[in-house]
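See below for coords22.cif, which holds mmCIF, C-alpha atoms.
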data_upload
loop_
_atom_site.label_atom_id
_atom_site.label_comp_id
_atom_site.auth_asym_id
_atom_site.auth_seq_id
_atom_site.Cartn_x
_atom_site.Cartn_y
_atom_site.Cartn_z
CA MET A 1 15.81 -2.10 39.40
CA THR A 2 16.54 0.31 42.22
CA GLU A 3 16.66 -0.86 45.84
CA ARG A 4 13.84 0.23 48.11
CA GLY A 5 12.47 -0.57 51.53
CA ASP A 6 9.84 -3.23 52.06
CA ASP A 7 7.13 -0.59 52.57
CA ALA A 8 8.19 1.66 49.67
CA LYS A 9 6.02 1.76 46.56
CA PRO A 10 7.67 1.13 43.18
CA GLY A 11 8.24 4.10 40.92
CA PHE A 12 6.51 4.46 37.57
CA ASP A 13 9.31 2.92 35.50
CA GLU A 14 9.72 0.02 37.91
CA ALA A 15 5.98 -0.62 38.03
CA ARG A 16 5.77 -0.58 34.25
CA ALA A 17 8.67 -3.04 34.02
CA ILE A 18 6.94 -5.38 36.49
CA VAL A 19 3.67 -5.28 34.55
CA THR A 20 5.41 -5.73 31.20
CA ALA A 21 7.42 -8.70 32.44
CA SER A 22 4.33 -10.43 33.82
CA ALA A 23 2.08 -9.79 30.80
CA PRO A 24 1.62 -12.70 28.37
CA PRO A 25 2.98 -12.16 24.85
CA PRO A 26 0.44 -10.91 22.31
CA VAL A 27 -1.26 -13.58 20.24
CA GLU A 28 -0.98 -13.16 16.48
CA LEU A 29 -3.54 -14.45 14.00
CA ILE A 30 -4.71 -13.94 10.45
CA VAL A 31 -8.20 -12.61 9.74
CA PRO A 32 -10.04 -11.85 6.50
CA LEU A 33 -9.75 -8.23 5.43
CA ALA A 34 -13.46 -7.68 6.13
CA ASP A 35 -12.88 -8.61 9.81
CA ALA A 36 -9.76 -6.48 10.30
CA LEU A 37 -11.42 -3.12 10.97
CA GLY A 38 -10.29 -1.62 14.28
CA ARG A 39 -7.59 -4.22 14.90
CA TRP A 40 -3.83 -3.70 15.12
CA THR A 41 -1.41 -5.02 12.51
CA ALA A 42 1.00 -7.73 13.68
CA ALA A 43 3.30 -7.76 10.63
CA ASP A 44 4.32 -5.76 7.59
CA LEU A 45 1.71 -5.71 4.84
CA PHE A 46 2.74 -5.54 1.19
CA ALA A 47 0.80 -4.74 -1.97
CA ALA A 48 -0.11 -7.95 -3.78
CA ARG A 49 -0.75 -6.17 -7.08
CA ASP A 50 -0.16 -2.88 -8.84
CA CYS A 51 -2.59 -0.07 -8.08
CA PRO A 52 -4.05 0.89 -10.43
CA GLY A 53 -3.64 -2.39 -12.23
CA PHE A 54 -3.65 -0.77 -15.67
CA ASN A 55 -3.26 2.62 -17.34
CA ALA A 56 -6.55 4.41 -16.73
CA SER A 57 -8.17 7.70 -17.57
CA ALA A 58 -8.32 10.12 -14.65
CA MET A 59 -11.05 12.23 -16.27
CA ASP A 60 -13.99 12.03 -18.65
CA GLY A 61 -12.82 13.10 -22.09
CA PHE A 62 -11.02 11.75 -25.14
CA ALA A 63 -8.00 9.42 -25.24
CA PHE A 64 -5.38 9.69 -27.96
CA ALA A 65 -1.64 9.48 -28.63
CA ALA A 66 0.01 12.81 -27.81
CA ASP A 67 2.53 12.56 -30.64
CA ALA A 68 -0.38 12.75 -33.11
CA THR A 69 -0.83 16.39 -32.05
CA ALA A 70 2.87 17.36 -32.29
CA ALA A 71 2.40 19.43 -35.47
CA ALA A 72 -0.75 21.26 -34.32
CA THR A 73 -0.73 25.08 -34.52
CA ALA A 74 -3.36 27.81 -34.52
CA GLN A 75 -2.86 28.22 -38.28
CA MET A 76 -2.62 24.48 -39.05
CA PRO A 77 -4.76 22.55 -36.55
CA VAL A 78 -4.67 18.76 -36.30
CA ALA A 79 -7.94 16.80 -36.45
CA LEU A 80 -8.22 13.27 -35.05
CA ALA A 81 -11.14 11.10 -36.13
CA ILE A 82 -13.31 10.06 -33.17
CA ALA A 83 -13.87 6.30 -33.03
CA GLY A 84 -15.40 3.89 -30.53
CA GLU A 85 -15.83 4.53 -26.81
CA TYR A 86 -14.22 3.29 -23.61
CA ARG A 87 -16.04 3.01 -20.29
CA ALA A 88 -14.98 1.75 -16.87
CA GLY A 89 -15.05 -2.05 -16.75
CA HIS A 90 -14.52 -2.51 -20.48
CA SER A 91 -11.45 -4.27 -21.86
CA SER A 92 -8.78 -2.40 -23.80
CA THR A 93 -8.06 -2.88 -27.50
CA ALA A 94 -5.46 -1.48 -29.87
CA ALA A 95 -6.12 2.09 -30.97
CA ILE A 96 -6.29 3.12 -34.60
CA PRO A 97 -3.33 5.42 -35.34
CA GLY A 98 -4.48 9.04 -35.53
CA ALA A 99 -7.82 8.37 -33.82
CA ALA A 100 -9.34 9.66 -30.57
CA TYR A 101 -11.69 7.77 -28.28
CA PRO A 102 -14.37 9.03 -25.89
CA ILE A 103 -13.42 7.69 -22.46
CA SER A 104 -14.88 7.78 -18.95
CA THR A 105 -13.07 8.22 -15.65
CA GLY A 106 -11.43 4.99 -14.52
CA ALA A 107 -11.67 3.29 -17.91
CA ARG A 108 -8.71 1.41 -19.35
CA MET A 109 -6.70 3.43 -21.84
CA PRO A 110 -6.83 2.15 -25.42
CA ILE A 111 -3.57 0.41 -26.29
CA GLY A 112 -1.39 3.00 -28.00
CA CYS A 113 -3.05 6.02 -26.37
CA ASP A 114 -1.17 7.91 -23.66
CA THR A 115 -3.06 11.17 -23.05
CA VAL A 116 -6.58 12.37 -22.24
CA ILE A 117 -8.11 15.76 -22.95
CA THR A 118 -11.07 16.59 -20.73
CA THR A 119 -14.55 16.98 -22.18
CA GLU A 120 -14.54 20.64 -21.13
CA ARG A 121 -11.37 21.40 -23.12
CA ALA A 122 -12.16 19.27 -26.15
CA ARG A 123 -13.16 20.93 -29.40
CA VAL A 124 -15.25 18.59 -31.53
CA ILE A 125 -16.42 19.26 -35.07
CA GLU A 126 -18.42 17.15 -37.50
CA LYS A 127 -17.75 16.81 -41.20
CA SER A 128 -19.58 14.52 -43.62
CA GLY A 129 -21.05 12.54 -40.74
CA GLN A 130 -17.67 11.97 -39.05
CA ARG A 131 -16.74 13.65 -35.79
CA PHE A 132 -13.23 15.00 -35.27
CA LEU A 133 -11.28 16.15 -32.22
CA VAL A 134 -9.41 19.33 -33.17
CA PHE A 135 -6.12 20.56 -31.66
CA HIS A 136 -4.54 23.98 -32.15
CA MET A 137 -1.42 23.16 -30.14
CA PRO A 138 0.45 20.00 -29.11
CA GLU A 139 -0.82 18.17 -26.03
CA THR A 140 1.45 17.08 -23.17
CA ILE A 141 1.95 13.33 -23.08
CA GLY A 142 0.48 11.58 -20.03
CA ARG A 143 -1.98 14.33 -19.09
CA ASN A 144 -5.04 13.08 -17.17
CA VAL A 145 -3.78 9.47 -17.16
CA ARG A 146 -3.21 7.31 -14.08
CA CYS A 147 -0.37 4.95 -14.94
CA GLN A 148 -0.27 1.32 -13.83
CA GLY A 149 1.33 1.09 -10.37
CA GLU A 150 1.18 4.85 -9.83
CA ASP A 151 -0.29 4.52 -6.32
CA ALA A 152 1.60 1.35 -5.36
CA GLN A 153 3.54 -1.38 -7.12
CA VAL A 154 3.60 -5.08 -6.30
CA GLY A 155 5.69 -5.60 -3.16
CA ALA A 156 5.35 -2.03 -1.88
CA LEU A 157 5.12 -1.72 1.91
CA VAL A 158 1.58 -0.65 2.81
CA LEU A 159 1.36 -0.96 6.62
CA THR A 160 3.86 -1.74 9.36
CA PRO A 161 3.30 -3.63 12.65
CA GLY A 162 1.40 -1.83 15.38
CA GLN A 163 -0.85 0.29 13.14
CA ARG A 164 -4.59 0.48 13.74
CA ILE A 165 -6.61 -0.65 10.73
CA THR A 166 -9.08 2.09 9.83
CA ALA A 167 -11.83 2.14 7.21
CA GLU A 168 -9.46 4.03 4.91
CA ALA A 169 -6.82 1.34 5.41
CA ILE A 170 -9.37 -1.37 4.57
CA GLY A 171 -10.13 0.37 1.27
CA ALA A 172 -6.45 0.77 0.45
CA LEU A 173 -5.63 -2.85 1.30
CA ALA A 174 -8.50 -4.05 -0.89
CA SER A 175 -7.25 -1.99 -3.83
CA TYR A 176 -3.75 -3.41 -3.28
CA GLY A 177 -5.07 -6.98 -3.46
CA VAL A 178 -4.58 -7.85 0.23
CA SER A 179 -7.23 -10.35 1.36
CA ASP A 180 -5.86 -11.67 4.68
CA VAL A 181 -4.37 -9.53 7.44
CA PRO A 182 -2.05 -10.51 10.33
CA VAL A 183 -3.34 -8.88 13.52
CA PHE A 184 -3.06 -9.14 17.28
CA ARG A 185 -5.98 -10.95 18.87
CA SER A 186 -8.32 -8.71 20.81
CA PRO A 187 -8.42 -9.37 24.58
CA GLY A 188 -10.99 -12.04 25.38
CA SER A 189 -11.54 -12.94 21.73
CA ARG A 190 -12.22 -16.62 21.05
CA SER A 191 -13.31 -16.23 17.45
CA PHE A 192 -10.00 -17.02 15.80
CA ARG A 193 -7.28 -19.65 16.10
CA PRO A 194 -3.79 -18.23 16.72
CA VAL A 195 -1.21 -18.62 14.01
CA THR A 196 1.83 -20.49 15.31
CA SER A 197 3.94 -20.99 12.19
CA TRP A 198 5.19 -17.41 12.23
CA ALA A 199 4.58 -16.40 15.87
CA GLY A 200 7.56 -14.59 17.29
CA HIS A 201 8.39 -13.02 13.93
CA PRO A 202 6.22 -9.89 13.90
CA ARG A 203 8.01 -8.41 10.91
CA ARG A 204 7.58 -11.42 8.63
CA ALA A 205 4.61 -11.31 6.27
CA PRO A 206 2.32 -14.33 6.96
CA PHE A 207 1.50 -14.71 3.28
CA PRO A 208 3.82 -15.06 0.26
CA MET A 209 5.39 -11.64 -0.15
CA PRO A 210 5.16 -10.36 -3.74
CA MET A 211 8.49 -9.63 -5.33
CA ALA A 212 9.26 -5.95 -5.87
CA ARG A 213 9.88 -5.07 -9.49
#
Is it possible to give me this structure as structure tokens?
Amino acid sequence: MTERGDDAKPGFDEARAIVTASAPPPVELIVPLADALGRWTAADLFAARDCPGFNASAMDGFAFAADATAAATAQMPVALAIAGEYRAGHSSTAAIPGAAYPISTGARMPIGCDTVITTERARVIEKSGQRFLVFHMPETIGRNVRCQGEDAQVGALVLTPGQRITAEAIGALASYGVSDVPVFRSPGSRSFRPVTSWAGHPRRAPFPMPMAR
């Protein structure tokens, strides 16, 4: 601190240092995710689960195994029998080899399927009461599929201390399985009890941190 006369006013840096030194330390607490909007994070936040939590279709269309189309050509097309249907919220079952399945956006991929062709691109024919999905060229494996953990894997760092929690952040935290959030208490707030077990450690997660894979 620089020397000054008794009547001299402190400079900006000195005044800021005086205010900072006299201010009480911020109080940290844990609130439910629904109450965290507009607050400031007090610790690192980590994904508690993979997002998405399973292999899912990114488009409406048909799910199938790409290697079943490997021999498809314009002269010798490959036809996959259409069986069953998968919609969002339904469980996944093992696919029949060489079959294709109608699937909606967000639905779990049938076990054994790794690719989706969109409804707009699909060519469907019917023969003897059975519908077939026809390919005139091989399809690229993984097309139109969101793989498990593609957005974030368990243990991934989502937010760091000092970030404001927006509506978008609330949605992301919910999808990552975060239910409780460490925040700084708002001035004058009496709604929450401060957390003391991890106070003074702003970079330590207040909940069991998932192990990164």
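Proximity to Thr166 of chain A was assessed for A:Ser179, A:Thr105, A:Thr41, A:Thr69 counting all atoms listed in the file; the smallest distance is recorded for A:Thr41.
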- Go through A:Gln148, A:Arg108, A:Pro25, A:Val78 one by one, measure the shortest atom-to-atom distance of each to Ala94 of chain A using all atoms listed in the file, and give the residue with the smallest value. A:Arg108
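Using all atoms listed in the file for every distance, the candidate list A:Ile141, A:Tyr86, A:Ala79, A:Tyr176 yields A:Ala79 as the residue closest to Ile125 of chain A.
Minimum atom-to-atom distance to Met59 of chain A, evaluated using all atoms listed in the file, belongs to A:Glu120 out of A:Asp44, A:Glu120, A:Asp180, A:Glu85.
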- Who sits within 8 Å of Ala58 of chain A, all atoms listed in the file, same chain under 4 positions skipped, as a PyMOL selection string: chain A and resi 105-106+144-146
- Test item: residues at most 12 Å from Ile96 of chain A, all atoms listed in the file, excluding those fewer than 6 positions along its chain, as a list in words: Ala63, Phe64, Ala65, Ala68, Leu80, Ala81, Ile82, Ala83, Gly84, Pro110, Ile111, Gly112 and Cys113 of chain A
Take segment 9-152 of chain A from the block and save it with C-alpha atoms, as a PDB file, in the first residue's frame.
ATOM      1  CA  LYS A   9      -8.035   9.831  -0.915  1.00  0.00           C
ATOM      2  CA  PRO A  10      -7.012   6.239  -1.688  1.00  0.00           C
ATOM      3  CA  GLY A  11      -6.466   5.300  -5.299  1.00  0.00           C
ATOM      4  CA  PHE A  12      -8.647   2.775  -7.095  1.00  0.00           C
ATOM      5  CA  ASP A  13      -6.398  -0.234  -6.448  1.00  0.00           C
ATOM      6  CA  GLU A  14      -5.956   0.676  -2.794  1.00  0.00           C
ATOM      7  CA  ALA A  15      -9.682   1.247  -2.319  1.00  0.00           C
ATOM      8  CA  ARG A  16     -10.471  -2.085  -3.935  1.00  0.00           C
ATOM      9  CA  ALA A  17      -7.948  -3.834  -1.684  1.00  0.00           C
ATOM     10  CA  ILE A  18      -9.532  -2.235   1.399  1.00  0.00           C
ATOM     11  CA  VAL A  19     -13.039  -3.309   0.371  1.00  0.00           C
ATOM     12  CA  THR A  20     -11.908  -6.822  -0.551  1.00  0.00           C
ATOM     13  CA  ALA A  21     -10.088  -7.285   2.750  1.00  0.00           C
ATOM     14  CA  SER A  22     -13.101  -6.158   4.769  1.00  0.00           C
ATOM     15  CA  ALA A  23     -15.709  -8.175   2.833  1.00  0.00           C
ATOM     16  CA  PRO A  24     -16.876 -11.434   4.444  1.00  0.00           C
ATOM     17  CA  PRO A  25     -16.028 -14.632   2.542  1.00  0.00           C
ATOM     18  CA  PRO A  26     -18.774 -15.914   0.241  1.00  0.00           C
ATOM     19  CA  VAL A  27     -21.072 -18.529   1.735  1.00  0.00           C
ATOM     20  CA  GLU A  28     -21.338 -21.772  -0.201  1.00  0.00           C
ATOM     21  CA  LEU A  29     -24.387 -24.021  -0.174  1.00  0.00           C
ATOM     22  CA  ILE A  30     -26.036 -26.779  -2.161  1.00  0.00           C
ATOM     23  CA  VAL A  31     -29.407 -26.211  -3.812  1.00  0.00           C
ATOM     24  CA  PRO A  32     -31.636 -28.457  -5.926  1.00  0.00           C
ATOM     25  CA  LEU A  33     -31.096 -28.011  -9.644  1.00  0.00           C
ATOM     26  CA  ALA A  34     -34.562 -26.454 -10.004  1.00  0.00           C
ATOM     27  CA  ASP A  35     -33.527 -23.648  -7.608  1.00  0.00           C
ATOM     28  CA  ALA A  36     -30.140 -22.947  -9.208  1.00  0.00           C
ATOM     29  CA  LEU A  37     -31.273 -20.674 -12.047  1.00  0.00           C
ATOM     30  CA  GLY A  38     -29.468 -17.327 -11.988  1.00  0.00           C
ATOM     31  CA  ARG A  39     -27.033 -18.332  -9.249  1.00  0.00           C
ATOM     32  CA  TRP A  40     -23.245 -18.640  -9.480  1.00  0.00           C
ATOM     33  CA  THR A  41     -21.435 -21.971  -9.266  1.00  0.00           C
ATOM     34  CA  ALA A  42     -19.205 -22.474  -6.220  1.00  0.00           C
ATOM     35  CA  ALA A  43     -17.427 -25.651  -7.366  1.00  0.00           C
ATOM     36  CA  ASP A  44     -16.672 -27.764 -10.409  1.00  0.00           C
ATOM     37  CA  LEU A  45     -19.658 -29.710 -11.715  1.00  0.00           C
ATOM     38  CA  PHE A  46     -19.190 -33.107 -13.344  1.00  0.00           C
ATOM     39  CA  ALA A  47     -21.500 -35.240 -15.471  1.00  0.00           C
ATOM     40  CA  ALA A  48     -23.049 -37.985 -13.346  1.00  0.00           C
ATOM     41  CA  ARG A  49     -23.985 -40.096 -16.366  1.00  0.00           C
ATOM     42  CA  ASP A  50     -23.299 -40.456 -20.063  1.00  0.00           C
ATOM     43  CA  CYS A  51     -25.238 -38.183 -22.399  1.00  0.00           C
ATOM     44  CA  PRO A  52     -26.919 -39.624 -24.307  1.00  0.00           C
ATOM     45  CA  GLY A  53     -27.185 -42.636 -22.060  1.00  0.00           C
ATOM     46  CA  PHE A  54     -27.541 -45.065 -24.968  1.00  0.00           C
ATOM     47  CA  ASN A  55     -27.030 -45.273 -28.727  1.00  0.00           C
ATOM     48  CA  ALA A  56     -29.951 -43.376 -30.234  1.00  0.00           C
ATOM     49  CA  SER A  57     -31.290 -42.495 -33.641  1.00  0.00           C
ATOM     50  CA  ALA A  58     -30.695 -38.878 -34.627  1.00  0.00           C
ATOM     51  CA  MET A  59     -33.382 -38.956 -37.325  1.00  0.00           C
ATOM     52  CA  ASP A  60     -36.657 -40.615 -38.262  1.00  0.00           C
ATOM     53  CA  GLY A  61     -35.923 -43.478 -40.616  1.00  0.00           C
ATOM     54  CA  PHE A  62     -34.799 -47.098 -40.586  1.00  0.00           C
ATOM     55  CA  ALA A  63     -32.124 -48.702 -38.391  1.00  0.00           C
ATOM     56  CA  PHE A  64     -29.947 -51.527 -39.664  1.00  0.00           C
ATOM     57  CA  ALA A  65     -26.400 -52.928 -39.598  1.00  0.00           C
ATOM     58  CA  ALA A  66     -24.269 -51.163 -42.209  1.00  0.00           C
ATOM     59  CA  ASP A  67     -22.273 -54.280 -43.057  1.00  0.00           C
ATOM     60  CA  ALA A  68     -25.489 -55.862 -44.381  1.00  0.00           C
ATOM     61  CA  THR A  69     -25.338 -53.363 -47.268  1.00  0.00           C
ATOM     62  CA  ALA A  70     -21.639 -53.885 -48.089  1.00  0.00           C
ATOM     63  CA  ALA A  71     -22.352 -55.815 -51.319  1.00  0.00           C
ATOM     64  CA  ALA A  72     -25.053 -53.450 -52.628  1.00  0.00           C
ATOM     65  CA  THR A  73     -24.614 -52.088 -56.179  1.00  0.00           C
ATOM     66  CA  ALA A  74     -26.880 -50.497 -58.764  1.00  0.00           C
ATOM     67  CA  GLN A  75     -26.927 -53.791 -60.686  1.00  0.00           C
ATOM     68  CA  MET A  76     -27.250 -56.028 -57.602  1.00  0.00           C
ATOM     69  CA  PRO A  77     -29.185 -54.160 -54.890  1.00  0.00           C
ATOM     70  CA  VAL A  78     -29.500 -55.482 -51.347  1.00  0.00           C
ATOM     71  CA  ALA A  79     -32.951 -55.782 -49.767  1.00  0.00           C
ATOM     72  CA  LEU A  80     -33.420 -55.897 -45.985  1.00  0.00           C
ATOM     73  CA  ALA A  81     -36.710 -57.172 -44.590  1.00  0.00           C
ATOM     74  CA  ILE A  82     -38.497 -54.536 -42.498  1.00  0.00           C
ATOM     75  CA  ALA A  83     -39.462 -55.815 -39.051  1.00  0.00           C
ATOM     76  CA  GLY A  84     -40.847 -54.255 -35.878  1.00  0.00           C
ATOM     77  CA  GLU A  85     -40.620 -50.587 -34.931  1.00  0.00           C
ATOM     78  CA  TYR A  86     -38.675 -48.529 -32.401  1.00  0.00           C
ATOM     79  CA  ARG A  87     -39.982 -45.323 -30.839  1.00  0.00           C
ATOM     80  CA  ALA A  88     -38.550 -42.965 -28.228  1.00  0.00           C
ATOM     81  CA  GLY A  89     -39.045 -44.376 -24.733  1.00  0.00           C
ATOM     82  CA  HIS A  90     -39.162 -47.998 -25.845  1.00  0.00           C
ATOM     83  CA  SER A  91     -36.572 -50.527 -24.697  1.00  0.00           C
ATOM     84  CA  SER A  92     -34.033 -52.022 -27.089  1.00  0.00           C
ATOM     85  CA  THR A  93     -33.962 -55.662 -28.168  1.00  0.00           C
ATOM     86  CA  ALA A  94     -31.620 -57.722 -30.323  1.00  0.00           C
ATOM     87  CA  ALA A  95     -32.020 -57.139 -34.046  1.00  0.00           C
ATOM     88  CA  ILE A  96     -32.643 -59.948 -36.501  1.00  0.00           C
ATOM     89  CA  PRO A  97     -29.579 -60.244 -38.780  1.00  0.00           C
ATOM     90  CA  GLY A  98     -30.321 -58.737 -42.188  1.00  0.00           C
ATOM     91  CA  ALA A  99     -33.405 -56.839 -41.006  1.00  0.00           C
ATOM     92  CA  ALA A 100     -34.235 -53.126 -40.891  1.00  0.00           C
ATOM     93  CA  TYR A 101     -36.401 -51.385 -38.315  1.00  0.00           C
ATOM     94  CA  PRO A 102     -38.517 -48.223 -38.573  1.00  0.00           C
ATOM     95  CA  ILE A 103     -37.201 -45.875 -35.886  1.00  0.00           C
ATOM     96  CA  SER A 104     -38.072 -42.416 -34.567  1.00  0.00           C
ATOM     97  CA  THR A 105     -35.736 -39.627 -33.513  1.00  0.00           C
ATOM     98  CA  GLY A 106     -34.326 -40.233 -30.038  1.00  0.00           C
ATOM     99  CA  ALA A 107     -35.286 -43.906 -29.916  1.00  0.00           C
ATOM    100  CA  ARG A 108     -32.823 -46.517 -28.693  1.00  0.00           C
ATOM    101  CA  MET A 109     -31.013 -48.313 -31.476  1.00  0.00           C
ATOM    102  CA  PRO A 110     -31.847 -52.010 -31.811  1.00  0.00           C
ATOM    103  CA  ILE A 111     -28.987 -54.117 -30.468  1.00  0.00           C
ATOM    104  CA  GLY A 112     -26.811 -55.019 -33.446  1.00  0.00           C
ATOM    105  CA  CYS A 113     -27.838 -52.021 -35.570  1.00  0.00           C
ATOM    106  CA  ASP A 114     -25.350 -49.195 -36.083  1.00  0.00           C
ATOM    107  CA  THR A 115     -26.730 -46.981 -38.861  1.00  0.00           C
ATOM    108  CA  VAL A 116     -29.917 -45.102 -39.759  1.00  0.00           C
ATOM    109  CA  ILE A 117     -31.131 -44.080 -43.200  1.00  0.00           C
ATOM    110  CA  THR A 118     -33.589 -41.194 -43.145  1.00  0.00           C
ATOM    111  CA  THR A 119     -37.183 -41.669 -44.245  1.00  0.00           C
ATOM    112  CA  GLU A 120     -36.583 -39.263 -47.140  1.00  0.00           C
ATOM    113  CA  ARG A 121     -33.695 -41.343 -48.521  1.00  0.00           C
ATOM    114  CA  ALA A 122     -35.199 -44.757 -47.884  1.00  0.00           C
ATOM    115  CA  ARG A 123     -36.493 -46.813 -50.787  1.00  0.00           C
ATOM    116  CA  VAL A 124     -39.144 -49.265 -49.636  1.00  0.00           C
ATOM    117  CA  ILE A 125     -40.766 -51.936 -51.770  1.00  0.00           C
ATOM    118  CA  GLU A 126     -43.352 -54.582 -50.956  1.00  0.00           C
ATOM    119  CA  LYS A 127     -43.317 -58.161 -52.160  1.00  0.00           C
ATOM    120  CA  SER A 128     -45.756 -60.900 -51.168  1.00  0.00           C
ATOM    121  CA  GLY A 129     -46.982 -58.833 -48.228  1.00  0.00           C
ATOM    122  CA  GLN A 130     -43.468 -58.203 -46.861  1.00  0.00           C
ATOM    123  CA  ARG A 131     -41.853 -54.775 -46.995  1.00  0.00           C
ATOM    124  CA  PHE A 132     -38.164 -54.441 -47.854  1.00  0.00           C
ATOM    125  CA  LEU A 133     -35.646 -51.617 -47.549  1.00  0.00           C
ATOM    126  CA  VAL A 134     -33.587 -51.552 -50.752  1.00  0.00           C
ATOM    127  CA  PHE A 135     -29.983 -50.321 -51.105  1.00  0.00           C
ATOM    128  CA  HIS A 136     -28.111 -49.691 -54.352  1.00  0.00           C
ATOM    129  CA  MET A 137     -24.838 -48.816 -52.639  1.00  0.00           C
ATOM    130  CA  PRO A 138     -23.205 -49.516 -49.266  1.00  0.00           C
ATOM    131  CA  GLU A 139     -24.181 -47.259 -46.368  1.00  0.00           C
ATOM    132  CA  THR A 140     -21.638 -45.564 -44.097  1.00  0.00           C
ATOM    133  CA  ILE A 141     -21.566 -47.089 -40.630  1.00  0.00           C
ATOM    134  CA  GLY A 142     -22.737 -44.785 -37.832  1.00  0.00           C
ATOM    135  CA  ARG A 143     -24.677 -42.366 -40.036  1.00  0.00           C
ATOM    136  CA  ASN A 144     -27.525 -40.564 -38.224  1.00  0.00           C
ATOM    137  CA  VAL A 145     -26.710 -42.247 -34.891  1.00  0.00           C
ATOM    138  CA  ARG A 146     -25.925 -40.469 -31.623  1.00  0.00           C
ATOM    139  CA  CYS A 147     -23.545 -42.730 -29.722  1.00  0.00           C
ATOM    140  CA  GLN A 148     -23.691 -43.215 -25.959  1.00  0.00           C
ATOM    141  CA  GLY A 149     -21.610 -40.525 -24.241  1.00  0.00           C
ATOM    142  CA  GLU A 150     -21.234 -38.493 -27.439  1.00  0.00           C
ATOM    143  CA  ASP A 151     -22.170 -35.204 -25.735  1.00  0.00           C
ATOM    144  CA  ALA A 152     -20.535 -35.977 -22.376  1.00  0.00           C
TER     145      ALA A 152
END
